[in-house]
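Written out below as structure tokens is the structure these notes cover.
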Amino acid sequence: MLKGVAVLTEGRSGSSWLGSLTNATGIMGRSAEWLKPLHLGPEPGGYDAIEETVLRKSSTENGRFAVKLFPRHLVWSKGKCGKDFLLEIRKKHDLGFITLERRDRLRQAISFYRASASNSWASWYKNAGSPVPYSFAGISQAFFQIEQSYAFWRAYLNLSELPSRHFVYEDLLDDPQPYLEAVAGLLDVPVPAAVPVSQFKIQRDDLTEEWVQRFRQGAEENGAIEAIEEAPVPRTLDNFARIALKRPLSRRRF
């Protein structure tokens, strides 16, 4: 039986930064979005192959593993294989849960929209810093998705009666040691003597603050109706796969 931790969150919550800290220890698994098809590599043929691939990629030599999940990852695997990935893992291994949220939802939504529009999710991505047009609708849609994702994880854990440790990104910025201690406790490994150095850098800039004020003014004048207007079906890889499988198309942009 392996020991693992599942970090349940949504994009732009600081999860990559925190994951880089635990990954640097070499004994806390290899945290990443392993259920994302892009990270799985050549698409596994069924659930058993998906599970084997995720555990192999997420594990360190000491038999500890770490996976980061957004709701869409769990929904994707359930739709593809008809199984709840987290439930199946819990049947075979000792799996602990951490939920991670960002308190400042608006700045998270702006970051989410900018990253998805430019496909630049870290400071070293090819298109990092590329100009992205302002979009009130894009930001508000990201905002609603973020809120729905956090609600999804709360409901999932409550319905399954699963204990979890909860963290807020902003509370960890100055001192991520409590997060490291929580992961170490769940994995039953030593707490690192010092916080590792991360290669991740905060991407907030002056444009973020400009958009915050612009969005708040727009919401005050027009409300948030654009967030719930019917949106065109996005041309995503997920929707192309749904077409091939003759499944309903998704209007989610992210």
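Convention: chains lettered A, B, ... in structure tokens order; per-chain residue numbering from 1; ligands numbered from 1 as shown.
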
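In the backbone-derived DSSP annotation, strand (DSSP E or B) within region 10-164 of chain A comprises Ser59, Arg64, Phe65, Ala66, Val67, Lys68, Leu69, Asp94, Leu95, Gly96, Phe97, Ile98, Thr99, Leu100 and Glu101 of chain A.
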
DSSP helix (DSSP H, G or I) selection over region 159-229 of chain A, as a count of residues only: 37

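Our summary of the geometry notes that CA of Arg30 (chain A) is positioned 17.0 Å from CA of His73 (chain A).
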
Shell around Ser198 (chain A) at 12 Å using only C-alpha atoms, local window under 6 positions removed, as a ChimeraX atom specification: /A:14,16-25,176

So that I can check the surroundings of region 151-157 of chain A, please list as a short mmCIF file (atom, residue, chain, number, x, y, z; two decimals) with C-alpha atoms, in the first residue's frame every protein, DNA and RNA residue that reaches within 12 Å of it, counting only C-alpha atoms and ignoring chain neighbours fewer than 6 positions away.
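After the write, selection-v1.cif holds the following:
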data_model
loop_
_atom_site.label_atom_id
_atom_site.label_comp_id
_atom_site.auth_asym_id
_atom_site.auth_seq_id
_atom_site.Cartn_x
_atom_site.Cartn_y
_atom_site.Cartn_z
CA ALA A 6 -4.53 14.68 -3.29
CA VAL A 7 -4.55 18.48 -3.53
CA LEU A 8 -8.07 19.56 -4.51
CA THR A 9 -8.16 23.05 -5.96
CA GLU A 10 -8.60 25.15 -9.12
CA LEU A 69 -6.81 17.83 -9.21
CA PHE A 70 -9.27 20.35 -10.54
CA PRO A 71 -12.93 19.24 -10.80
CA ARG A 72 -12.65 18.84 -14.57
CA LEU A 74 -12.16 14.04 -11.99
CA VAL A 75 -15.10 14.61 -14.35
CA ASP A 84 -14.28 7.87 -9.58
CA LEU A 86 -10.18 9.22 -6.02
CA LEU A 87 -12.51 6.49 -4.79
CA GLY A 96 -5.05 12.07 2.38
CA PHE A 97 -6.73 15.25 1.15
CA ILE A 98 -5.78 18.91 1.11
CA THR A 99 -8.06 21.65 -0.19
CA LEU A 100 -6.45 24.86 -1.40
CA GLU A 101 -8.29 28.08 -2.17
CA PHE A 144 -17.93 31.82 -11.74
CA GLN A 145 -15.96 28.71 -12.65
CA PRO A 163 -11.46 14.56 6.29
CA SER A 164 -9.19 17.17 4.75
CA ARG A 165 -6.73 19.91 5.61
CA HIS A 166 -7.73 23.33 4.29
#
